[in-house]
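Trainee: Right, I'll just put the structure down here and ask away after.
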Amino acid sequence: MNERWILFKRNVTDFWRTFRRNKLGLIGAVLVLSAVLVAVFAPAFSPYKPTDVIRDENGRGLTFAPPSVHGPLGTDDAGRDVWTQLVYGARISIMVGFLAGFIAMFIGSLFGITAGYYGGSVDTLLMRITDILLVIPDLPLMLVLVATMRQMDLHISPLIVLVIVIGLLYWTSTARLIRSQVLTIKERQFVARARAIGAGHAHIIRKHILPQIMPLIVANTVLILSTAILVESGLAFLGLGDPTQPSWGTMLNFAFDRSAITNGAWWFYLPPGFAIVWVTLGCVLLGNVLEEMLNPRLTEHHLEGEQHMVSLPDAQSLSGSGSEAVS
Amino acid sequence: MTQHDLLEVRDLYKYFPIHQSILDMLRRKPPNYVKAVDGVSFSLARGEVLAIVGESGCGKTTIARTLIGLEEQTDGEILFQGECVGAQERRLRAGLAPLESAGTVGTREHLALPRIALKRLRQQAQMIFQDPYESLNPRSTIFEIVAEPLVVHGLSRSRGERAARVKKALEDAGLRPAEDFSMRYPHELSGGQRQRVVIAGAMVLQPELLIADEPVSMLDVSIRAEILNLLNDLRRQSGVSIVFITHDLGTVGFFADRLAVMYLGRIVESGPVKEVVANPSHPYTKALLSVVPVPNPRLRRERVILQGETPNAADVPNGCRFHPRCPVVMEKCKETDPEYKTVGDGHQAACWLI
Ligand SMILES: Nc1ncnc2c1ncn2[C@@H]1O[C@H](COP(=O)(O)OP(=O)(O)OP(=O)(O)O)[C@@H](O)[C@H]1O
Ligand code: SF4
Ligand SMILES: [Mg+2]
């Protein structure tokens with residue numbers, strides 16, 4: 001175990017050394033981490049509850065108070081503190097986004113690995129399902145799904161409905177990406193060696209396929225998270241969120257419903273929009289950089305490209321450009 | 001049970017179907033095959049080393065992969081310690097009816113023979129792959145790689161015992177001290193060291209049979225001899241039998257007992273190494289031997305440089321498959337395939353000149 005720990009530490013250090021040099025990745029990480037911290041420690045960032053109504057000296061609700069009058073971001077139409085709502089909304093947006101993202105990642109990886117590894121008719125079947133999901137327009141499908149699930153009286157929170165619907169729809173790109181990666185990995189000689197020493201499918205997938213695609217899964221998950229948060233905001237903006245637990249999308253929905261724009265209350269609708277951009281941009285930056293760093297196609301090239309004794313000149317120039325892309 | 005050879009291969013065929021276009025299918029063109037292995041028979045006694053020599057693409061790797069069950073043979077029998085390896089691909093065989101009607105396929109007795117479980121086969125027979133840069137998982141440590149066969153077969157379950165066996169295998173393979181290597185990753189090792197790791201992983205189960213597919217062809221010339229010496233030592237210490245695949249006749253004499261020369265999916269000459277080298281009967285063997293560097297210049301033979309294109313396993317010539325390139329080709333060769341004839345003690349060749 002001690003040796004494993006040393007190895008683990010070495011891997012993490014190696015990773016950090018490369019990651020640290022990448023400005024965009026660092027920015028992305030800071031954006032994402034700050035939002036997650038705010039979400040987790042929301043009460044520490046505001047003295048109020050999101051439902052508290054701020055009142056003036058006369059005890060009247062302070063409606064549409066601009067930031068100059070109250071707090072950092074003013075109040076909404078019912079006199080509630082916008083900053084507080086933003087901070088607590090982070091919890092909902094990030095939680096729904098992350099849960100949905102993880103479901104999508106899990107289904108996508110499962111489909112991708114199964115299709116790529118087993119091939120044949122399993123592959124065809126799974127990929128047909130993926131294709132069908134890919135060609136159906138997302139938004140109408142989600143609206144229909146959310147609406148029907150609500151109709152069904154399942155007694156589950158609207159947020160869970162969102163998690164399930166988003167999670168069940170956004171795994172297709174992950175599945176395709178992972179499948180194509182698995183297709184190349186399973187043809188590699190170390191997999192043949194594993195088979196030749198008698199390893200079964202479970203062992204090969206666990207010890208040889210997963211470790212190669214894990215980095216890709218991690219990078220892809222971060223990207224999926226941004227999509228999930230964005231989609232959640234969109235659906236919540238259309239009024240499919242939970243009004244008792246407002247996410248950033250729900251806040252936008254409220255703002256538009258209660259004519260924040262005609263009232264010129266920019267502090268009501270700009271901050272949630274900005275927060276959504278903050279987190280999704282962070283995820284995209286971080287995810288792209290991780291993908292670039294960890295994608296086996298890009299990283300292993302320079303380690304193994306030159307060893308092939310018979311390589312065509314253009315194959316060599318290809319591997320050359322591959323390693324340039326990494327550095 | 002009768003005394004079996006460790007390995008016996010009879011009339012082994014491995015055809016890969018070539019993908020057909022829909023148009024070809026509509027025209028009812030007969031399916032075409034890459035005849036990677038086209039009727040190969042040989043046997044291997046316990047403790048023996050058989051070298052299979054042939055140029056690139058003649059089907060050596062395909063034989064190796066079929067022996068270990070990574071490919072299913074199209075037809076033919078592989079008997080490992082008297083038990084069958086693999087079944088035949090029935091579907092493909094249905095398309096290969098002419099083979100059977102031509103009577104090339106031997107008895108069907110193997111249908112009655114017990115089939116060896118793949119798991120047991122892969123415990124007793126181990127394969128060394130051609131490319132040491134590709135055959136090690138880049139994300140496993142050397143320890144994990146060498147211990148993997150033990151893990152897969154559920155052997156030496158206690159941590160200490162496993163560590164001891166891995167250590168011994170690594171040191172036997174010349175990676176000393178083992179502690180310096182076990183926690184490293186493959187990319188930190190040189191090609192020669194990697195191939196030693198592969199060998200350690202193959203020997204950790206103390207197999208009966210080692211199938212070495214061009215174990216040194218991807219290595220620097222300077223370290224090839226080391227690896228060959230290592231294999232030779234291991235064979236002497238453990239008595240493991242080896243099927244040693246190579247395209248370089250120069251490395252064969254040094255430790256193989258018997259030699260099989262392959263051309264385009266078939267063995268054209270086989271026999272004890274000394275006998276075949278001293279008295280080659282097939283024109284192809286002669287050509288191969290003539291370009292092997294000989295230490296004594298006075299013994300140098302006249303070089304035979306083969307003319308013609310390298311052969312294509314998808315389009316095997318009629319008659320003797322070597323005839324388009326044979327320097328002494330006759331009319332007869334273009335029509336009929338020569339049978340094996342015995343040239344000397346255990347020495348056979350297939351050529352009309354004999
Ligand atoms: N999976 C496959 N599908 C189709 N054709 C194949 C397959 N594997 C091998 N072949 C073909 O079978 C023939 C024999 O290949 P094989 O790899 O056995 O040759 P080899 O003697 O090992 O050559 P080398 O010295 O280059 O390793 C080749 O023509 C090859 O293209
Ligand atoms: S049979 Fe004919 S073509 Fe074939 S090797 Fe002998 S002489 Fe050459
Ligand atoms: Mg080969």
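For the structure tokens, the naming scheme is as follows: chains receive sequential letters (A, B, ...) according to their order of presentation, residues are indexed from 1 within each chain, and ligands are indexed from 1 in presentation order.
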List all protein, DNA and RNA residues that have at least one atom no more than 12 Å from any atom of ligand 3, counting only C-alpha atoms and all ligand atoms, and write them as a VMD selection string.

Mentor: chain B and resid 36 52 to 65 128 to 131 212 to 218 244 to 247

Trainee: Write the residues of the selection above to a file with N, CA and C atoms, as a CSV table (one decimal), in the first residue's frame.

Mentor:
chain,number,residue,atom,x,y,z
B,36,ALA,N,-4.0,-17.0,-44.8
B,36,ALA,CA,-2.8,-16.7,-44.0
B,36,ALA,C,-2.1,-18.0,-43.6
B,52,ILE,N,10.2,-21.5,-36.5
B,52,ILE,CA,9.5,-21.3,-37.7
B,52,ILE,C,10.0,-20.0,-38.4
B,53,VAL,N,10.5,-20.2,-39.6
B,53,VAL,CA,11.2,-19.1,-40.3
B,53,VAL,C,10.4,-18.8,-41.6
B,54,GLY,N,10.3,-17.6,-41.9
B,54,GLY,CA,9.6,-17.2,-43.2
B,54,GLY,C,9.6,-15.7,-43.3
B,55,GLU,N,9.4,-15.2,-44.5
B,55,GLU,CA,9.4,-13.8,-44.6
B,55,GLU,C,8.1,-13.1,-44.1
B,56,SER,N,8.1,-11.8,-44.1
B,56,SER,CA,7.0,-11.1,-43.6
B,56,SER,C,5.7,-11.4,-44.3
B,57,GLY,N,4.6,-11.7,-43.6
B,57,GLY,CA,3.3,-11.9,-44.2
B,57,GLY,C,3.1,-13.4,-44.6
B,58,CYS,N,4.0,-14.3,-44.2
B,58,CYS,CA,3.8,-15.7,-44.6
B,58,CYS,C,2.9,-16.4,-43.6
B,59,GLY,N,2.5,-15.8,-42.5
B,59,GLY,CA,1.5,-16.4,-41.7
B,59,GLY,C,2.0,-16.9,-40.3
B,60,LYS,N,3.2,-16.4,-39.9
B,60,LYS,CA,3.8,-16.9,-38.7
B,60,LYS,C,3.0,-16.4,-37.5
B,61,THR,N,2.7,-15.2,-37.5
B,61,THR,CA,2.0,-14.6,-36.3
B,61,THR,C,0.6,-15.3,-36.2
B,62,THR,N,0.0,-15.5,-37.4
B,62,THR,CA,-1.3,-16.1,-37.4
B,62,THR,C,-1.3,-17.5,-36.8
B,63,ILE,N,-0.2,-18.3,-37.1
B,63,ILE,CA,-0.1,-19.6,-36.4
B,63,ILE,C,0.0,-19.4,-34.9
B,64,ALA,N,0.9,-18.5,-34.5
B,64,ALA,CA,1.1,-18.3,-33.1
B,64,ALA,C,-0.3,-17.9,-32.4
B,65,ARG,N,-1.0,-17.0,-33.0
B,65,ARG,CA,-2.2,-16.6,-32.4
B,65,ARG,C,-3.3,-17.7,-32.3
B,128,ILE,N,4.9,-14.8,-26.3
B,128,ILE,CA,5.7,-13.5,-26.3
B,128,ILE,C,5.4,-12.8,-27.6
B,129,PHE,N,5.0,-11.5,-27.5
B,129,PHE,CA,4.6,-10.8,-28.7
B,129,PHE,C,5.8,-10.1,-29.3
B,130,GLN,N,5.6,-9.8,-30.6
B,130,GLN,CA,6.6,-9.2,-31.4
B,130,GLN,C,7.1,-7.9,-30.8
B,131,ASP,N,6.2,-7.1,-30.4
B,131,ASP,CA,6.5,-5.7,-30.2
B,131,ASP,C,6.5,-5.4,-28.7
B,212,ALA,N,7.1,-17.8,-29.0
B,212,ALA,CA,7.8,-16.5,-29.1
B,212,ALA,C,7.7,-16.0,-30.5
B,213,ASP,N,6.9,-15.0,-30.7
B,213,ASP,CA,6.7,-14.4,-32.0
B,213,ASP,C,7.7,-13.3,-32.3
B,214,GLU,N,8.7,-13.7,-33.0
B,214,GLU,CA,9.8,-12.7,-33.3
B,214,GLU,C,10.1,-11.8,-32.1
B,215,PRO,N,10.6,-12.5,-31.1
B,215,PRO,CA,10.8,-11.7,-29.8
B,215,PRO,C,11.9,-10.7,-29.9
B,216,VAL,N,12.8,-10.7,-30.9
B,216,VAL,CA,13.8,-9.8,-31.0
B,216,VAL,C,13.8,-8.9,-32.2
B,217,SER,N,12.8,-9.0,-33.1
B,217,SER,CA,12.9,-8.3,-34.3
B,217,SER,C,12.7,-6.8,-34.1
B,218,MET,N,12.0,-6.4,-33.0
B,218,MET,CA,11.8,-5.0,-32.8
B,218,MET,C,12.9,-4.4,-32.0
B,244,PHE,N,9.6,-20.9,-31.7
B,244,PHE,CA,10.4,-19.7,-31.9
B,244,PHE,C,10.2,-19.2,-33.3
B,245,ILE,N,9.5,-18.1,-33.4
B,245,ILE,CA,9.1,-17.6,-34.8
B,245,ILE,C,10.1,-16.5,-35.1
B,246,THR,N,10.6,-16.5,-36.3
B,246,THR,CA,11.6,-15.5,-36.7
B,246,THR,C,11.6,-15.3,-38.2
B,247,HIS,N,12.1,-14.2,-38.7
B,247,HIS,CA,12.3,-14.1,-40.2
B,247,HIS,C,13.8,-14.1,-40.5

Trainee: What are the residues of chain A that have an atom within 7 Å of an atom of chain B, counting only C-alpha atoms, as number ranges by chain?

Mentor: A: 188-190, 193, 196-199, 208, 211, 304, 309

Trainee: Selection from above, N, CA, C and O atoms, as a short mmCIF file (atom, residue, chain, number, x, y, z; two decimals), in the first residue's frame, can you write it?

Mentor:
data_model
loop_
_atom_site.label_atom_id
_atom_site.label_comp_id
_atom_site.auth_asym_id
_atom_site.auth_seq_id
_atom_site.Cartn_x
_atom_site.Cartn_y
_atom_site.Cartn_z
N ARG A 188 -5.10 -3.19 -29.31
CA ARG A 188 -3.68 -3.05 -29.00
C ARG A 188 -3.13 -4.32 -28.41
O ARG A 188 -3.84 -5.17 -27.89
N GLN A 189 -1.79 -4.44 -28.53
CA GLN A 189 -1.19 -5.73 -28.21
C GLN A 189 -1.27 -6.08 -26.74
O GLN A 189 -1.33 -7.25 -26.38
N PHE A 190 -1.32 -5.07 -25.86
CA PHE A 190 -1.37 -5.46 -24.45
C PHE A 190 -2.72 -6.08 -24.10
O PHE A 190 -2.82 -6.85 -23.14
N ARG A 193 -2.25 -9.58 -25.23
CA ARG A 193 -1.44 -10.28 -24.23
C ARG A 193 -2.30 -10.69 -23.04
O ARG A 193 -2.21 -11.82 -22.55
N ALA A 196 -4.20 -13.57 -23.95
CA ALA A 196 -3.35 -14.75 -24.10
C ALA A 196 -2.92 -15.32 -22.75
O ALA A 196 -2.58 -16.50 -22.68
N ILE A 197 -2.91 -14.52 -21.68
CA ILE A 197 -2.58 -15.12 -20.39
C ILE A 197 -3.84 -15.62 -19.70
O ILE A 197 -3.78 -16.09 -18.57
N GLY A 198 -4.98 -15.52 -20.36
CA GLY A 198 -6.19 -16.15 -19.82
C GLY A 198 -7.15 -15.20 -19.13
O GLY A 198 -8.08 -15.64 -18.48
N ALA A 199 -6.93 -13.89 -19.26
CA ALA A 199 -7.81 -12.94 -18.58
C ALA A 199 -9.19 -12.93 -19.21
O ALA A 199 -9.33 -13.06 -20.43
N HIS A 208 -7.36 -3.04 -18.18
CA HIS A 208 -6.68 -2.58 -19.38
C HIS A 208 -7.44 -1.52 -20.16
O HIS A 208 -6.83 -0.61 -20.70
N PRO A 211 -8.42 1.94 -17.37
CA PRO A 211 -7.34 2.89 -17.05
C PRO A 211 -6.94 3.75 -18.25
O PRO A 211 -6.52 4.89 -18.07
N GLU A 304 5.32 6.46 -28.00
CA GLU A 304 5.36 5.18 -28.68
C GLU A 304 5.48 5.30 -30.18
O GLU A 304 5.69 4.31 -30.84
N MET A 309 9.36 0.31 -36.25
CA MET A 309 10.47 0.32 -37.17
C MET A 309 9.99 0.60 -38.59
O MET A 309 10.63 1.30 -39.34
#

Trainee: Using DSSP secondary structure from the backbone, list all strand (DSSP E) positions within region 151-339 of chain B, as a VMD selection string.

Mentor: chain B and resid 209 to 213 241 to 246 258 to 263 266 to 272

Trainee: Could you tell me which of B:Ser290, B:Ser182, B:Ser238, B:Thr285 comes closest to ligand 2 if we count only C-alpha atoms and all ligand atoms?

Mentor: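 Closest to ligand 2, using only C-alpha atoms and all ligand atoms: B:Thr285.
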
Trainee: Leaving out Val292 (chain B) and any residue of its chain fewer than 3 positions from it, which residues lie within 8 Å of it when counting only C-alpha atoms, given as an NGL selection string?

Mentor: :B and (249-250 or 288-289)

Trainee: Excluding region 76-85 of chain A and any residue of its chain fewer than 5 positions from it, enumerate the residues within 9 Å of it, using only C-alpha atoms, and give them as a PyMOL selection string.

Mentor: chain A and resi 42-43+45-55+60-66+70-71+90+246-248+251+255+258-260+265+267-268+271

Trainee: Print the selection's residues with N, CA, C and O atoms to a file, as a short mmCIF file (atom, residue, chain, number, x, y, z; two decimals), in the first residue's frame.

Mentor:
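The resulting file, part.cif, is shown below:
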data_model
loop_
_atom_site.label_atom_id
_atom_site.label_comp_id
_atom_site.auth_asym_id
_atom_site.auth_seq_id
_atom_site.Cartn_x
_atom_site.Cartn_y
_atom_site.Cartn_z
N ALA A 42 -23.02 28.18 1.14
CA ALA A 42 -23.92 29.30 0.84
C ALA A 42 -24.25 30.15 2.07
O ALA A 42 -24.17 31.38 2.01
N PRO A 43 -24.65 29.54 3.21
CA PRO A 43 -25.03 30.36 4.36
C PRO A 43 -23.93 31.32 4.81
O PRO A 43 -24.21 32.39 5.34
N PHE A 45 -22.13 33.04 2.96
CA PHE A 45 -21.99 34.17 2.06
C PHE A 45 -23.13 35.18 2.17
O PHE A 45 -23.17 36.15 1.46
N SER A 46 -24.11 34.85 3.01
CA SER A 46 -25.22 35.80 3.11
C SER A 46 -25.87 35.68 4.48
O SER A 46 -26.07 34.58 4.99
N PRO A 47 -26.24 36.84 5.08
CA PRO A 47 -26.91 36.79 6.39
C PRO A 47 -28.38 36.41 6.28
O PRO A 47 -29.00 36.10 7.29
N TYR A 48 -28.94 36.46 5.06
CA TYR A 48 -30.38 36.21 4.90
C TYR A 48 -30.63 34.80 4.41
O TYR A 48 -29.74 34.06 4.03
N LYS A 49 -31.96 34.47 4.41
CA LYS A 49 -32.43 33.28 3.70
C LYS A 49 -32.96 33.76 2.35
O LYS A 49 -33.39 34.91 2.24
N PRO A 50 -33.00 32.89 1.35
CA PRO A 50 -33.48 33.36 0.05
C PRO A 50 -34.93 33.84 0.09
O PRO A 50 -35.34 34.64 -0.74
N THR A 51 -35.69 33.36 1.10
CA THR A 51 -37.11 33.77 1.16
C THR A 51 -37.34 35.00 2.02
O THR A 51 -38.45 35.53 2.05
N ASP A 52 -36.31 35.44 2.76
CA ASP A 52 -36.48 36.61 3.62
C ASP A 52 -36.84 37.85 2.79
O ASP A 52 -36.22 38.11 1.76
N VAL A 53 -37.83 38.58 3.30
CA VAL A 53 -38.19 39.83 2.63
C VAL A 53 -37.52 40.99 3.36
O VAL A 53 -37.60 41.10 4.58
N ILE A 54 -36.81 41.79 2.59
CA ILE A 54 -36.12 42.93 3.19
C ILE A 54 -37.13 44.08 3.31
O ILE A 54 -37.86 44.38 2.36
N ARG A 55 -37.16 44.71 4.48
CA ARG A 55 -38.15 45.78 4.67
C ARG A 55 -37.46 47.10 4.99
O ARG A 55 -36.38 47.12 5.58
N ARG A 60 -42.25 48.20 5.12
CA ARG A 60 -42.74 47.82 3.80
C ARG A 60 -41.66 47.08 3.03
O ARG A 60 -40.48 47.35 3.14
N GLY A 61 -42.12 46.10 2.24
CA GLY A 61 -41.15 45.34 1.45
C GLY A 61 -40.40 46.24 0.50
O GLY A 61 -40.96 47.14 -0.11
N LEU A 62 -39.13 46.02 0.42
CA LEU A 62 -38.24 46.86 -0.39
C LEU A 62 -38.20 46.28 -1.80
O LEU A 62 -37.33 45.48 -2.12
N THR A 63 -39.18 46.60 -2.65
CA THR A 63 -39.22 45.96 -3.96
C THR A 63 -38.35 46.68 -4.96
O THR A 63 -38.27 47.91 -4.97
N PHE A 64 -37.71 45.86 -5.82
CA PHE A 64 -36.85 46.37 -6.89
C PHE A 64 -35.88 47.43 -6.41
O PHE A 64 -35.68 48.44 -7.07
N ALA A 65 -35.29 47.19 -5.22
CA ALA A 65 -34.30 48.14 -4.74
C ALA A 65 -32.99 47.91 -5.47
O ALA A 65 -32.52 46.78 -5.54
N PRO A 66 -32.42 48.95 -6.08
CA PRO A 66 -31.14 48.77 -6.78
C PRO A 66 -30.01 48.51 -5.79
O PRO A 66 -30.16 48.75 -4.59
N HIS A 70 -29.81 48.64 -1.48
CA HIS A 70 -29.67 47.51 -0.56
C HIS A 70 -28.70 46.46 -1.11
O HIS A 70 -28.79 46.05 -2.26
N GLY A 71 -27.83 46.00 -0.23
CA GLY A 71 -26.98 44.83 -0.51
C GLY A 71 -26.15 44.97 -1.77
O GLY A 71 -26.19 46.01 -2.44
N ALA A 90 -26.97 28.76 -6.62
CA ALA A 90 -25.80 28.01 -7.05
C ALA A 90 -25.93 26.55 -6.61
O ALA A 90 -25.58 25.63 -7.34
N PRO A 246 -35.35 27.77 -6.12
CA PRO A 246 -34.97 28.39 -7.39
C PRO A 246 -33.50 28.18 -7.75
O PRO A 246 -32.61 28.38 -6.90
N SER A 247 -33.27 27.76 -8.95
CA SER A 247 -31.90 27.73 -9.49
C SER A 247 -31.70 29.03 -10.25
O SER A 247 -32.60 29.88 -10.29
N TRP A 248 -30.54 29.18 -10.87
CA TRP A 248 -30.29 30.42 -11.62
C TRP A 248 -31.29 30.56 -12.75
O TRP A 248 -31.75 31.64 -13.07
N MET A 251 -34.47 31.80 -11.42
CA MET A 251 -34.38 33.24 -11.14
C MET A 251 -34.64 34.05 -12.40
O MET A 251 -35.36 35.06 -12.38
N ALA A 255 -37.55 36.71 -13.06
CA ALA A 255 -37.23 38.07 -13.49
C ALA A 255 -38.06 38.46 -14.71
O ALA A 255 -38.60 39.56 -14.78
N ARG A 258 -41.82 38.74 -13.89
CA ARG A 258 -42.24 39.89 -13.09
C ARG A 258 -41.69 41.18 -13.64
O ARG A 258 -41.33 42.08 -12.88
N SER A 259 -41.57 41.20 -14.92
CA SER A 259 -41.18 42.39 -15.69
C SER A 259 -40.03 43.16 -15.07
O SER A 259 -40.09 44.37 -14.85
N ALA A 260 -38.97 42.43 -14.77
CA ALA A 260 -37.77 43.08 -14.27
C ALA A 260 -37.20 43.98 -15.35
O ALA A 260 -36.62 45.03 -15.07
N ALA A 265 -34.79 46.68 -13.77
CA ALA A 265 -34.08 46.06 -12.64
C ALA A 265 -33.02 45.10 -13.14
O ALA A 265 -33.11 43.89 -12.97
N TRP A 267 -30.25 44.35 -12.07
CA TRP A 267 -29.59 43.56 -11.01
C TRP A 267 -30.36 42.27 -10.71
O TRP A 267 -29.87 41.40 -10.02
N PHE A 268 -31.55 42.19 -11.24
CA PHE A 268 -32.34 40.99 -11.01
C PHE A 268 -32.05 39.93 -12.08
O PHE A 268 -31.95 38.75 -11.78
N PRO A 271 -27.29 39.14 -12.93
CA PRO A 271 -26.44 38.24 -12.12
C PRO A 271 -26.65 36.74 -12.37
O PRO A 271 -25.67 36.02 -12.55
#

Trainee: Per DSSP on the backbone, filter region 127-282 of chain A down to the residues in alpha helix (DSSP H) and report them as a ChimeraX atom specification.

Mentor: /A:127-135,138-151,158-169,172-186,189-196,201-204,210-235,248-257,266-282

Trainee: Could you give me, as a Markdown table, a per-residue list for region 176-218 of chain B showing, wherever an atom lies at most 12 Å from an atom of region 6-27 of chain B, the closest pair of atoms and their distance in Å to one decimal, using only C-alpha atoms and sorting by chain then residue number from low to high?

Mentor:
| residue | atom | partner | partner_atom | distance |
| --- | --- | --- | --- | --- |
| B:Pro207 | CA | B:Leu6 | CA | 11.7 |
| B:Glu208 | CA | B:Leu6 | CA | 8.1 |
| B:Leu209 | CA | B:Leu6 | CA | 8.0 |
| B:Leu210 | CA | B:Leu7 | CA | 11.2 |
| B:Ile211 | CA | B:Leu7 | CA | 11.3 |

Trainee: Collect all residues with atoms no farther than 12 Å from ligand 2, counting only C-alpha atoms and all ligand atoms, and output them as a ChimeraX atom specification.

Mentor: /B:263,267-269,280-287,306,317-341,349-354

Trainee: Which neighbours of Ser93 (chain A) fall inside 8 Å, counting only C-alpha atoms, when residues of the same chain fewer than 3 positions from it are skipped, and could you give them as a ChimeraX atom specification?

Mentor: /A:89-90,96-97,229,232-233,247-249

Trainee: So that I can check the surroundings of Asn288 (chain A), please list as a ChimeraX atom specification every protein, DNA and RNA residue that reaches within 8 Å of it, counting only C-alpha atoms and ignoring chain neighbours fewer than 3 positions away.

Mentor: /A:25,219,223,284-285,291-292

Trainee: Show which residues sit within 12 Å of Leu143 (chain A), as a list of chain:residue names. Count only C-alpha atoms, and ignore same-chain residues fewer than 4 positions away.

Mentor: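 Near neighbours after the sequence-gap exclusion: A:Pro137, A:Asp138, A:Leu139, A:Ala147, A:Thr148, A:Met149, A:Arg150, A:Val161, A:Leu162, A:Val165, A:Ile166, A:Leu169, A:Val231, A:Glu232, A:Gly234, A:Leu235, A:Ala236, A:Leu238, A:Gly239, A:Leu240, A:Gly241.
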
Trainee: Between B:Phe181, B:Ile78, B:Ile242, B:Gly174, which has the minimum distance to Arg196 (chain B) (counting only C-alpha atoms)?

Mentor: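 Of B:Phe181, B:Ile78, B:Ile242, B:Gly174, the one nearest Arg196 (chain B) is B:Gly174, counting only C-alpha atoms.
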
Trainee: Smallest atom-to-atom distance to ligand 1: which of B:Gly344, B:Gly82, B:Gly265, B:Pro186, using only C-alpha atoms and all ligand atoms?

Mentor: B:Gly265

Trainee: What separation in Å, quoted to one decimal, exists between CA of Val87 (chain A) and CA of Pro272 (chain A)?

Mentor: 9.6 Å

Trainee: For each of A:Leu225, A:Asn253, A:Glu187, A:Val12, take the minimum atom-to-atom distance to ligand 1, counting only C-alpha atoms and all ligand atoms, then give the residue where this is smallest.

Mentor: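 Ranking A:Leu225, A:Asn253, A:Glu187, A:Val12 by distance to ligand 1, first place goes to A:Glu187.
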